[in-house]
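File shown here: data11.pdb, holding PDB, C-alpha atoms and all ligand atoms.
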```pdb
ATOM      1  CA  MET B  11       0.000   0.000   0.000
ATOM      2  CA  ASN B  12       1.157   3.541  -0.778
ATOM      3  CA  THR B  13       2.107   5.103   2.566
ATOM      4  CA  SER B  14       3.617   8.401   1.358
ATOM      5  CA  VAL B  15       1.782  11.566   2.352
ATOM      6  CA  THR B  16       2.250  15.231   1.540
ATOM      7  CA  GLY B  17       2.016  18.137   3.965
ATOM      8  CA  TRP B  18      -1.200  19.187   2.290
ATOM      9  CA  GLN B  19      -2.710  15.739   2.922
ATOM     10  CA  VAL B  20      -1.679  15.911   6.592
ATOM     11  CA  PHE B  21      -3.379  19.294   6.805
ATOM     12  CA  TRP B  22      -6.536  18.030   5.133
ATOM     13  CA  TRP B  23      -6.905  14.667   6.899
ATOM     14  CA  ALA B  24      -5.435  15.429  10.336
ATOM     15  CA  VAL B  25      -5.444  19.176  11.034
ATOM     16  CA  LEU B  26      -8.858  20.019   9.554
ATOM     17  CA  PRO B  27     -10.680  17.149  11.315
ATOM     18  CA  TYR B  28      -9.227  18.214  14.677
ATOM     19  CA  LEU B  29     -10.202  21.836  13.971
ATOM     20  CA  ALA B  30     -13.735  20.669  13.144
ATOM     21  CA  LEU B  31     -13.871  18.533  16.300
ATOM     22  CA  ALA B  32     -12.616  21.418  18.450
ATOM     23  CA  THR B  33     -15.208  23.737  16.875
ATOM     24  CA  PHE B  34     -17.865  21.094  17.527
ATOM     25  CA  VAL B  35     -16.996  20.750  21.227
ATOM     26  CA  ILE B  36     -16.221  24.404  22.053
ATOM     27  CA  GLY B  37     -19.131  25.600  19.893
ATOM     28  CA  HIS B  38     -21.553  23.452  21.850
ATOM     29  CA  ILE B  39     -20.240  24.692  25.207
ATOM     30  CA  TRP B  40     -20.522  28.289  24.009
ATOM     31  CA  ARG B  41     -24.017  27.820  22.584
ATOM     32  CA  TRP B  42     -25.236  26.050  25.721
ATOM     33  CA  ARG B  43     -23.915  28.821  27.925
ATOM     34  CA  TYR B  44     -24.991  31.808  25.868
ATOM     35  CA  ASP B  45     -28.023  30.760  23.867
ATOM     36  CA  GLN B  46     -30.296  28.599  25.986
ATOM     37  CA  PHE B  47     -33.417  30.137  24.441
ATOM     38  CA  GLY B  48     -32.103  29.560  20.925
ATOM     39  CA  TRP B  49     -31.316  25.887  21.644
ATOM     40  CA  THR B  50     -34.192  24.491  19.648
ATOM     41  CA  SER B  51     -35.168  22.582  16.536
ATOM     42  CA  ARG B  52     -36.964  25.742  15.353
ATOM     43  CA  SER B  53     -39.952  23.557  14.591
ATOM     44  CA  THR B  54     -42.304  24.744  11.850
ATOM     45  CA  GLU B  55     -45.075  22.353  12.814
ATOM     46  CA  LEU B  56     -47.418  25.304  13.388
ATOM     47  CA  GLN B  57     -46.762  26.591   9.860
ATOM     48  CA  GLU B  58     -47.322  23.286   8.069
ATOM     49  CA  LYS B  59     -48.196  19.850   9.334
ATOM     50  CA  ARG B  60     -49.318  17.627   6.448
ATOM     51  CA  LEU B  61     -45.896  17.146   4.824
ATOM     52  CA  LEU B  62     -43.949  17.384   8.081
ATOM     53  CA  LYS B  63     -45.987  14.497   9.510
ATOM     54  CA  TRP B  64     -44.511  12.199   6.833
ATOM     55  CA  GLY B  65     -41.181  13.771   5.971
ATOM     56  CA  SER B  66     -39.863  14.127   9.496
ATOM     57  CA  PRO B  67     -40.366  10.531  10.762
ATOM     58  CA  VAL B  68     -39.182   8.991   7.463
ATOM     59  CA  PHE B  69     -36.054  11.161   7.576
ATOM     60  CA  HIS B  70     -35.290  10.702  11.272
ATOM     61  CA  TYR B  71     -35.896   6.936  11.511
ATOM     62  CA  ALA B  72     -33.784   6.365   8.399
ATOM     63  CA  VAL B  73     -31.054   8.601   9.884
ATOM     64  CA  PHE B  74     -31.067   6.461  13.045
ATOM     65  CA  ALA B  75     -30.550   3.390  10.840
ATOM     66  CA  ALA B  76     -27.679   5.130   9.005
ATOM     67  CA  ILE B  77     -26.084   6.131  12.328
ATOM     68  CA  ALA B  78     -26.203   2.471  13.393
ATOM     69  CA  GLY B  79     -24.618   1.592  10.030
ATOM     70  CA  HIS B  80     -21.813   4.121  10.588
ATOM     71  CA  VAL B  81     -21.132   2.658  14.040
ATOM     72  CA  ILE B  82     -20.925  -0.862  12.592
ATOM     73  CA  GLY B  83     -18.916   0.113   9.501
ATOM     74  CA  ILE B  84     -16.680   2.883  10.835
ATOM     75  CA  LEU B  85     -16.221   2.359  14.567
ATOM     76  CA  ILE B  86     -16.124  -1.457  14.679
ATOM     77  CA  PRO B  87     -12.851  -2.793  13.178
ATOM     78  CA  GLU B  88     -13.078  -5.310  10.353
ATOM     79  CA  SER B  89     -10.969  -7.719  12.450
ATOM     80  CA  TRP B  90     -13.733  -7.898  15.070
ATOM     81  CA  THR B  91     -16.485  -8.851  12.615
ATOM     82  CA  LYS B  92     -14.066 -11.344  10.972
ATOM     83  CA  ALA B  93     -13.341 -12.816  14.426
ATOM     84  CA  ILE B  94     -17.009 -13.665  14.896
ATOM     85  CA  GLY B  95     -17.136 -15.310  11.484
ATOM     86  CA  ILE B  96     -18.556 -12.517   9.296
ATOM     87  CA  SER B  97     -16.714 -12.547   5.973
ATOM     88  CA  GLU B  98     -16.076  -9.399   3.941
ATOM     89  CA  SER B  99     -18.604 -10.445   1.317
ATOM     90  CA  THR B 100     -21.311 -11.173   3.929
ATOM     91  CA  TYR B 101     -20.580  -7.789   5.480
ATOM     92  CA  ARG B 102     -20.676  -6.048   2.120
ATOM     93  CA  TRP B 103     -24.080  -7.429   1.176
ATOM     94  CA  PHE B 104     -25.496  -6.741   4.605
ATOM     95  CA  SER B 105     -24.253  -3.161   4.446
ATOM     96  CA  ALA B 106     -25.451  -2.778   0.840
ATOM     97  CA  GLY B 107     -28.955  -4.017   1.772
ATOM     98  CA  ALA B 108     -29.464  -2.259   5.102
ATOM     99  CA  GLY B 109     -27.491   0.805   3.946
ATOM    100  CA  THR B 110     -29.602   1.153   0.792
ATOM    101  CA  ALA B 111     -32.831   0.933   2.807
ATOM    102  CA  ALA B 112     -31.525   3.681   5.109
ATOM    103  CA  ALA B 113     -30.196   5.772   2.223
ATOM    104  CA  VAL B 114     -33.489   5.602   0.294
ATOM    105  CA  GLY B 115     -35.456   6.595   3.420
ATOM    106  CA  ILE B 116     -33.133   9.511   4.104
ATOM    107  CA  VAL B 117     -33.304  10.747   0.522
ATOM    108  CA  ILE B 118     -37.124  10.521   0.388
ATOM    109  CA  GLY B 119     -37.350  12.218   3.798
ATOM    110  CA  VAL B 120     -34.962  15.021   2.967
ATOM    111  CA  ILE B 121     -36.671  15.670  -0.390
ATOM    112  CA  ILE B 122     -40.044  16.055   1.373
ATOM    113  CA  LEU B 123     -38.546  18.300   4.057
ATOM    114  CA  ALA B 124     -36.520  20.409   1.625
ATOM    115  CA  ALA B 125     -39.436  20.795  -0.813
ATOM    116  CA  ARG B 126     -41.659  21.895   2.055
ATOM    117  CA  ARG B 127     -39.087  24.459   3.131
ATOM    118  CA  ILE B 128     -38.553  25.767  -0.389
ATOM    119  CA  PHE B 129     -42.125  25.832  -1.709
ATOM    120  CA  ILE B 130     -44.298  26.560   1.315
ATOM    121  CA  THR B 131     -44.070  30.286   1.847
ATOM    122  CA  ARG B 132     -44.888  30.183   5.546
ATOM    123  CA  VAL B 133     -42.099  27.695   6.201
ATOM    124  CA  ARG B 134     -39.638  29.477   3.931
ATOM    125  CA  ALA B 135     -40.288  32.730   5.780
ATOM    126  CA  THR B 136     -39.102  31.211   9.068
ATOM    127  CA  THR B 137     -35.923  29.767   7.517
ATOM    128  CA  SER B 138     -32.739  31.536   8.620
ATOM    129  CA  PRO B 139     -29.490  31.653   6.617
ATOM    130  CA  VAL B 140     -27.853  29.089   8.914
ATOM    131  CA  ASP B 141     -30.872  26.792   8.364
ATOM    132  CA  TRP B 142     -30.163  26.908   4.625
ATOM    133  CA  VAL B 143     -26.469  26.197   5.238
ATOM    134  CA  ALA B 144     -27.334  23.154   7.385
ATOM    135  CA  LEU B 145     -29.857  21.874   4.843
ATOM    136  CA  ILE B 146     -27.502  22.272   1.880
ATOM    137  CA  LEU B 147     -24.634  20.588   3.761
ATOM    138  CA  LEU B 148     -26.933  17.723   4.749
ATOM    139  CA  ALA B 149     -28.059  17.342   1.141
ATOM    140  CA  ILE B 150     -24.415  17.161  -0.013
ATOM    141  CA  VAL B 151     -23.366  14.593   2.624
ATOM    142  CA  ILE B 152     -26.493  12.523   1.968
ATOM    143  CA  ALA B 153     -26.052  12.567  -1.828
ATOM    144  CA  LEU B 154     -22.413  11.440  -1.454
ATOM    145  CA  GLY B 155     -23.347   8.734   1.106
ATOM    146  CA  PHE B 156     -26.104   7.541  -1.238
ATOM    147  CA  ALA B 157     -23.612   7.303  -4.109
ATOM    148  CA  GLU B 158     -21.250   5.247  -1.920
ATOM    149  CA  THR B 159     -23.845   2.801  -0.665
ATOM    150  CA  VAL B 160     -26.084   2.457  -3.711
ATOM    151  CA  GLY B 161     -23.685   3.383  -6.525
ATOM    152  CA  VAL B 162     -20.543   1.607  -5.317
ATOM    153  CA  ASN B 163     -21.641  -1.074  -2.884
ATOM    154  CA  LEU B 164     -25.008  -2.223  -4.204
ATOM    155  CA  LEU B 165     -24.770  -1.608  -7.954
ATOM    156  CA  GLY B 166     -21.018  -1.171  -8.474
ATOM    157  CA  SER B 167     -18.055  -3.416  -7.844
ATOM    158  CA  GLY B 168     -17.866  -2.515  -4.131
ATOM    159  CA  TYR B 169     -15.130  -0.867  -2.078
ATOM    160  CA  ASN B 170     -13.846  -2.063   1.269
ATOM    161  CA  TYR B 171     -13.841   1.287   3.069
ATOM    162  CA  ARG B 172     -13.275  -0.539   6.353
ATOM    163  CA  GLN B 173      -9.603  -0.824   5.421
ATOM    164  CA  SER B 174      -9.164   2.882   4.712
ATOM    165  CA  VAL B 175     -11.888   5.362   5.748
ATOM    166  CA  SER B 176     -12.698   3.492   8.962
ATOM    167  CA  VAL B 177      -9.046   2.963   9.941
ATOM    168  CA  TRP B 178      -8.325   6.673   9.434
ATOM    169  CA  PHE B 179     -11.443   7.788  11.313
ATOM    170  CA  ARG B 180     -10.635   5.697  14.379
ATOM    171  CA  SER B 181      -6.977   6.709  14.264
ATOM    172  CA  LEU B 182      -7.993  10.347  14.815
ATOM    173  CA  PHE B 183      -9.199   9.355  18.277
ATOM    174  CA  THR B 184      -6.033   7.518  19.219
ATOM    175  CA  GLY B 185      -4.030  10.692  18.621
ATOM    176  CA  ASN B 186      -2.010   9.148  15.780
ATOM    177  CA  PRO B 187      -3.900   9.960  12.558
ATOM    178  CA  ASN B 188      -3.320   7.451   9.763
ATOM    179  CA  VAL B 189      -3.385   9.966   6.927
ATOM    180  CA  ALA B 190      -2.009   7.631   4.253
ATOM    181  CA  VAL B 191      -5.035   5.297   4.180
ATOM    182  CA  ILE B 192      -7.609   8.038   3.623
ATOM    183  CA  ALA B 193      -5.345  10.076   1.324
ATOM    184  CA  HIS B 194      -5.379   7.147  -1.135
ATOM    185  CA  ALA B 195      -9.076   6.292  -0.793
ATOM    186  CA  PRO B 196     -11.458   6.985  -3.735
ATOM    187  CA  LEU B 197     -12.446  10.622  -4.173
ATOM    188  CA  LEU B 198     -16.127   9.907  -3.438
ATOM    189  CA  TYR B 199     -15.287   8.644   0.055
ATOM    190  CA  GLN B 200     -12.919  11.565   0.632
ATOM    191  CA  LEU B 201     -15.591  14.081  -0.339
ATOM    192  CA  HIS B 202     -18.193  12.442   1.936
ATOM    193  CA  ALA B 203     -15.842  12.501   4.920
ATOM    194  CA  THR B 204     -14.794  16.107   4.237
ATOM    195  CA  ALA B 205     -18.404  17.274   3.954
ATOM    196  CA  ALA B 206     -19.158  15.433   7.213
ATOM    197  CA  TRP B 207     -16.449  17.418   9.038
ATOM    198  CA  VAL B 208     -17.897  20.663   7.695
ATOM    199  CA  ILE B 209     -21.298  19.627   9.109
ATOM    200  CA  PHE B 210     -19.724  18.812  12.462
ATOM    201  CA  ALA B 211     -18.119  22.287  12.548
ATOM    202  CA  VAL B 212     -21.413  24.016  11.691
ATOM    203  CA  TRP B 213     -23.499  21.770  13.991
ATOM    204  CA  PRO B 214     -23.298  23.781  17.249
ATOM    205  CA  PHE B 215     -24.354  26.991  15.497
ATOM    206  CA  SER B 216     -27.374  25.467  13.799
ATOM    207  CA  ARG B 217     -30.719  23.889  14.637
ATOM    208  CA  LEU B 218     -28.915  20.530  14.581
ATOM    209  CA  VAL B 219     -28.264  21.015  18.321
ATOM    210  CA  HIS B 220     -31.799  19.709  18.851
ATOM    211  CA  ALA B 221     -30.316  16.231  18.338
ATOM    212  CA  TRP B 222     -28.938  16.393  21.896
ATOM    213  CA  SER B 223     -32.210  17.470  23.448
ATOM    214  CA  TYR B 224     -34.500  14.567  22.893
ATOM    215  CA  PRO B 225     -37.152  15.008  25.617
ATOM    216  CA  LEU B 226     -36.575  11.616  27.260
ATOM    217  CA  TRP B 227     -37.723  13.008  30.590
ATOM    218  CA  TYR B 228     -41.243  12.959  29.127
ATOM    219  CA  LEU B 229     -41.221   9.251  29.959
ATOM    220  CA  TRP B 230     -40.816   9.916  33.671
ATOM    221  CA  ARG B 231     -42.349  13.319  34.231
ATOM    222  CA  PRO B 232     -45.521  13.525  36.341
ATOM    223  CA  PHE B 233     -48.814  13.582  34.477
ATOM    224  CA  VAL B 234     -50.243  16.963  33.620
ATOM    225  CA  VAL B 235     -53.644  16.984  35.296
ATOM    226  CA  TYR B 236     -56.442  18.634  33.350
ATOM    227  CA  ARG B 237     -59.618  19.331  35.310
ATOM    228  CA  GLU B 238     -62.960  20.281  33.898
ATOM    229  CA  ARG B 239     -64.474  23.523  35.072
ATOM    230  CA  ALA B 240     -68.123  24.444  34.808
ATOM    231  CA  ALA B 241     -68.419  27.016  32.043
ATOM    232  CA  ALA B 242     -69.120  30.414  33.530
ATOM    233  CA  ARG B 243     -69.757  33.591  31.638
ATOM    234  CA  PRO B 244     -67.292  36.230  32.687
ATOM    235  CA  ASN B 245     -68.874  39.145  34.399
ATOM    236  CA  GLU B 246     -69.203  42.302  32.355
ATOM    237  CA  PRO B 247     -68.437  45.471  34.214
ATOM    238  CA  GLY B 248     -71.697  46.805  35.583
ATOM    239  CA  THR B 249     -73.636  43.533  35.200
ATOM    240  CA  SER B 250     -72.679  41.826  38.432
ATOM    241  CA  GLY B 251     -72.309  42.695  42.046
ATOM    242  CA  ARG B 252     -69.096  44.503  41.262
ATOM    243  CA  ARG B 253     -69.983  47.747  39.628
ATOM    244  CA  TRP B 254     -68.112  50.703  38.288
ATOM    245  CA  ARG B 255     -67.399  52.944  41.167
ATOM    246  CA  ARG B 256     -66.043  56.314  41.738
ATOM    247  CA  ILE B 257     -62.448  56.482  42.837
ATOM    248  CA  GLY B 258     -62.105  56.817  46.551
ATOM    249  CA  VAL B 259     -65.608  55.541  47.367
ATOM    250  CA  ARG B 260     -65.623  52.393  49.483
ATOM    251  CA  TYR B 261     -67.523  49.296  48.295
TER
HETATM  252  C1  LIG X   1     -16.456  11.673   9.162
HETATM  253  C2  LIG X   1     -17.621  11.126   9.336
HETATM  254  C3  LIG X   1     -18.220  10.138   8.345
HETATM  255  C4  LIG X   1     -17.625   9.097   7.684
HETATM  256  C5  LIG X   1     -16.179   8.638   7.785
HETATM  257  C6  LIG X   1     -18.644   8.470   6.855
HETATM  258  C7  LIG X   1     -18.449   7.374   6.022
HETATM  259  C8  LIG X   1     -19.430   6.756   5.284
HETATM  260  C9  LIG X   1     -19.232   5.578   4.464
HETATM  261  C10 LIG X   1     -17.917   4.832   4.312
HETATM  262  C11 LIG X   1     -20.426   5.270   3.887
HETATM  263  C12 LIG X   1     -20.721   4.117   2.939
HETATM  264  C13 LIG X   1     -21.376   2.985   3.677
HETATM  265  C14 LIG X   1     -21.601   1.787   2.780
HETATM  266  O1  LIG X   1     -21.389   1.895   1.570
HETATM  267  O2  LIG X   1     -21.981   0.754   3.317
HETATM  268  C15 LIG X   1     -21.398   6.255   4.323
HETATM  269  C16 LIG X   1     -22.722   6.271   3.950
HETATM  270  C17 LIG X   1     -23.619   7.281   4.291
HETATM  271  N1  LIG X   1     -23.340   8.378   5.094
HETATM  272 FE1  LIG X   1     -21.603   8.740   6.056
HETATM  273  N2  LIG X   1     -19.828   9.147   7.014
HETATM  274  C18 LIG X   1     -19.613  10.175   7.933
HETATM  275  C19 LIG X   1     -20.549  11.102   8.371
HETATM  276  C20 LIG X   1     -21.833  11.219   7.883
HETATM  277  C21 LIG X   1     -22.779  12.240   8.277
HETATM  278  C22 LIG X   1     -22.494  13.359   9.286
HETATM  279  C23 LIG X   1     -23.927  12.006   7.580
HETATM  280  C24 LIG X   1     -25.252  12.734   7.560
HETATM  281  C25 LIG X   1     -25.498  13.848   8.122
HETATM  282  C26 LIG X   1     -23.724  10.847   6.760
HETATM  283  C27 LIG X   1     -24.666  10.300   5.918
HETATM  284  C28 LIG X   1     -24.508   9.138   5.191
HETATM  285  C29 LIG X   1     -25.555   8.515   4.425
HETATM  286  C30 LIG X   1     -26.983   9.052   4.272
HETATM  287  C31 LIG X   1     -25.013   7.345   3.869
HETATM  288  C32 LIG X   1     -25.762   6.322   2.998
HETATM  289  C33 LIG X   1     -26.598   5.403   3.865
HETATM  290  C34 LIG X   1     -25.783   4.465   4.691
HETATM  291  O3  LIG X   1     -24.991   3.684   4.120
HETATM  292  O4  LIG X   1     -25.923   4.499   5.920
HETATM  293  N3  LIG X   1     -22.440  10.389   6.967
HETATM  294  N4  LIG X   1     -20.754   7.138   5.184
END
```
Could I get this file's structure written as structure tokens?
Ligand code: HEM
Amino acid sequence: MNTSVTGWQVFWWAVLPYLALATFVIGHIWRWRYDQFGWTSRSTELQEKRLLKWGSPVFHYAVFAAIAGHVIGILIPESWTKAIGISESTYRWFSAGAGTAAAVGIVIGVIILAARRIFITRVRATTSPVDWVALILLAIVIALGFAETVGVNLLGSGYNYRQSVSVWFRSLFTGNPNVAVIAHAPLLYQLHATAAWVIFAVWPFSRLVHAWSYPLWYLWRPFVVYRERAAARPNEPGTSGRRWRRIGVRY
């Protein structure tokens, strides 16, 4: 394998990822401390519900599946799955099948959500510049991920990214980045990873922070008690015992 790397490649595959990670961590601390009221998904449910009702669950459930896929494919070393008897070809077809299902769901979901944001005036009006940045970045990362999974793995000749992209990604967290493996990976995989770092750097400044605020406490919070109250017409001034009165005169 070609192990030579240039300074530019070190910058791109080691320095930039650490800068993005630092921005991700420090950005979140800053946002949490200074923008508690802005820490929100900026939901537009009140502006439009019909498309959101479909687009949002399709997108989010498929994203959860893709996150699971990234954990299996990127964080878990190939040697571990081999050790439990999963061959590369079994892994490839599993990842092509499950990955394609996730990718198709994400693409359908994001098309519904993006179309809603672009074409429904009420939703578009609430969209801030950083919302557009996040949406466009997501669209880029998703399109590239789709091309990898569907174009290369399912329909193409396949590429064992677990020997390059995954090795490099994990090496960043051991403090000894393996730049050579990613620097010689196919361009498609390089672009996807680069776009992902850009998203991570933008994340704390966008609505994506809502990902960390899933209201799990709903499961344990006390019930909200609603009690019925006999309907009573409010008293009009001058129609009940309490009448208009002159200032200074006792009741
Ligand atoms: C540096 C971080 C990331 C790396 C190294 C990475 C790597 C990969 C790889 C290698 C694949 C191909 C999987 C296959 O063919 O089986 C893939 C697919 C995909 N990625 Fe990423 N990815 C990263 C971050 C992200 C992020 C942040 C998103 C979305 C916001 C994303 C969205 C997708 C999608 C939608 C697919 C296709 C569906 C799937 O296979 O799960 N990726 N990614």
Worksheet item: Glu88 in chain B: which residues within 12 Å, counting only C-alpha atoms, same-chain residues fewer than 6 positions away excluded, as a count of residues only?
Response: 20
Item to complete: Using only C-alpha atoms, find all polymer residues with an atom at most 12 Å away from the point (-31.1, 28.2, 23.6); report them as a list in words.
Response: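 Output: His38, Ile39, Trp40, Arg41, Trp42, Arg43, Tyr44, Asp45, Gln46, Phe47, Gly48, Trp49, Thr50, Ser51, Arg52, Pro214, Phe215, Ser216, Arg217, Val219, His220 and Ser223 of chain B.
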Item to complete: Could you give me, as an NGL selection string, every polymer residue with an atom at most 7 Å away from an atom of ligand LIG 1 (chain X), counting only C-alpha atoms and all ligand atoms?
Response: :B and (73 or 75-77 or 79-80 or 83-84 or 105-106 or 109-110 or 112-113 or 116 or 148 or 151-152 or 155-156 or 158-159 or 162-163 or 171 or 175-176 or 179 or 199 or 202-204 or 206-207 or 209-210)
Discussion item. So, with only C-alpha atoms as the atoms that count, which of B:Leu85, B:Val189, B:Leu229, B:Val235 lies closest to Trp18 in chain B?
Written reply: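 Result for the nearest residue to Trp18 in chain B: B:Val189.
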Worksheet entry | Atom-to-atom span, CA of Leu197 in chain B and CA of Ser181 in chain B, Å | 19.6 Å
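Candidate residues B:Val120, B:Leu218, B:Tyr71, B:Pro87 were compared for distance to Ala149 in chain B, and the nearest is B:Val120, using only C-alpha atoms.
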Practice prompt. In Å, rounded to a single decimal, give me how far CA of Thr54 in chain B is from CA of Arg134 in chain B.
Written response: 9.6 Å
Worksheet item: Hey, can you check how far CA of Ser53 in chain B sits from CA of Ile150 in chain B?
Response: 22.3 Å
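Comparing the minimum interatomic distances between His194 in chain B and each of B:Val20, B:Val133, B:Ile118, B:Val15, counting only C-alpha atoms, we find that B:Val15 sits nearest.
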Around (-27.8, 29.1, 9.6) in the file's frame, which residues reach within 10 Å when counting all atoms listed in the file? Return as a short mmCIF file (atom, residue, chain, number, x, y, z; two decimals) with C-alpha atoms, in the frame of the given file?
```cif
data_model
loop_
_atom_site.label_atom_id
_atom_site.label_comp_id
_atom_site.auth_asym_id
_atom_site.auth_seq_id
_atom_site.Cartn_x
_atom_site.Cartn_y
_atom_site.Cartn_z
CA THR B 137 -35.92 29.77 7.52
CA SER B 138 -32.74 31.54 8.62
CA PRO B 139 -29.49 31.65 6.62
CA VAL B 140 -27.85 29.09 8.91
CA ASP B 141 -30.87 26.79 8.36
CA TRP B 142 -30.16 26.91 4.62
CA VAL B 143 -26.47 26.20 5.24
CA ALA B 144 -27.33 23.15 7.38
CA LEU B 145 -29.86 21.87 4.84
CA VAL B 212 -21.41 24.02 11.69
CA TRP B 213 -23.50 21.77 13.99
CA PHE B 215 -24.35 26.99 15.50
CA SER B 216 -27.37 25.47 13.80
CA ARG B 217 -30.72 23.89 14.64
CA LEU B 218 -28.92 20.53 14.58
#
```
Worksheet item: From the set B:Leu198, B:Leu164, B:Ala153, B:Leu123, which residue has the shortest atom-to-atom contact distance to Lys59 in chain B, counting all atoms listed in the file?
Response: B:Leu123
Worksheet item: Which one of B:Thr131, B:Ala205, B:Ala111, B:Gly166 sits closest to Leu154 in chain B if you count all atoms listed in the file?
Response: B:Ala205
Fill in: Explicit residues for the PyMOL selection byres (((chain B and resi 27) around 10) and not hetatm) (as a VMD selection string)
chain B and resid 21 to 26 28 to 33 179 182 187 203 to 204 206 to 208 210 to 211
Worksheet item: Nearest to Lys63 in chain B: which of B:Arg126, B:Ala108, B:Val114, B:Glu238 is it, counting all atoms listed in the file?
Response: B:Arg126
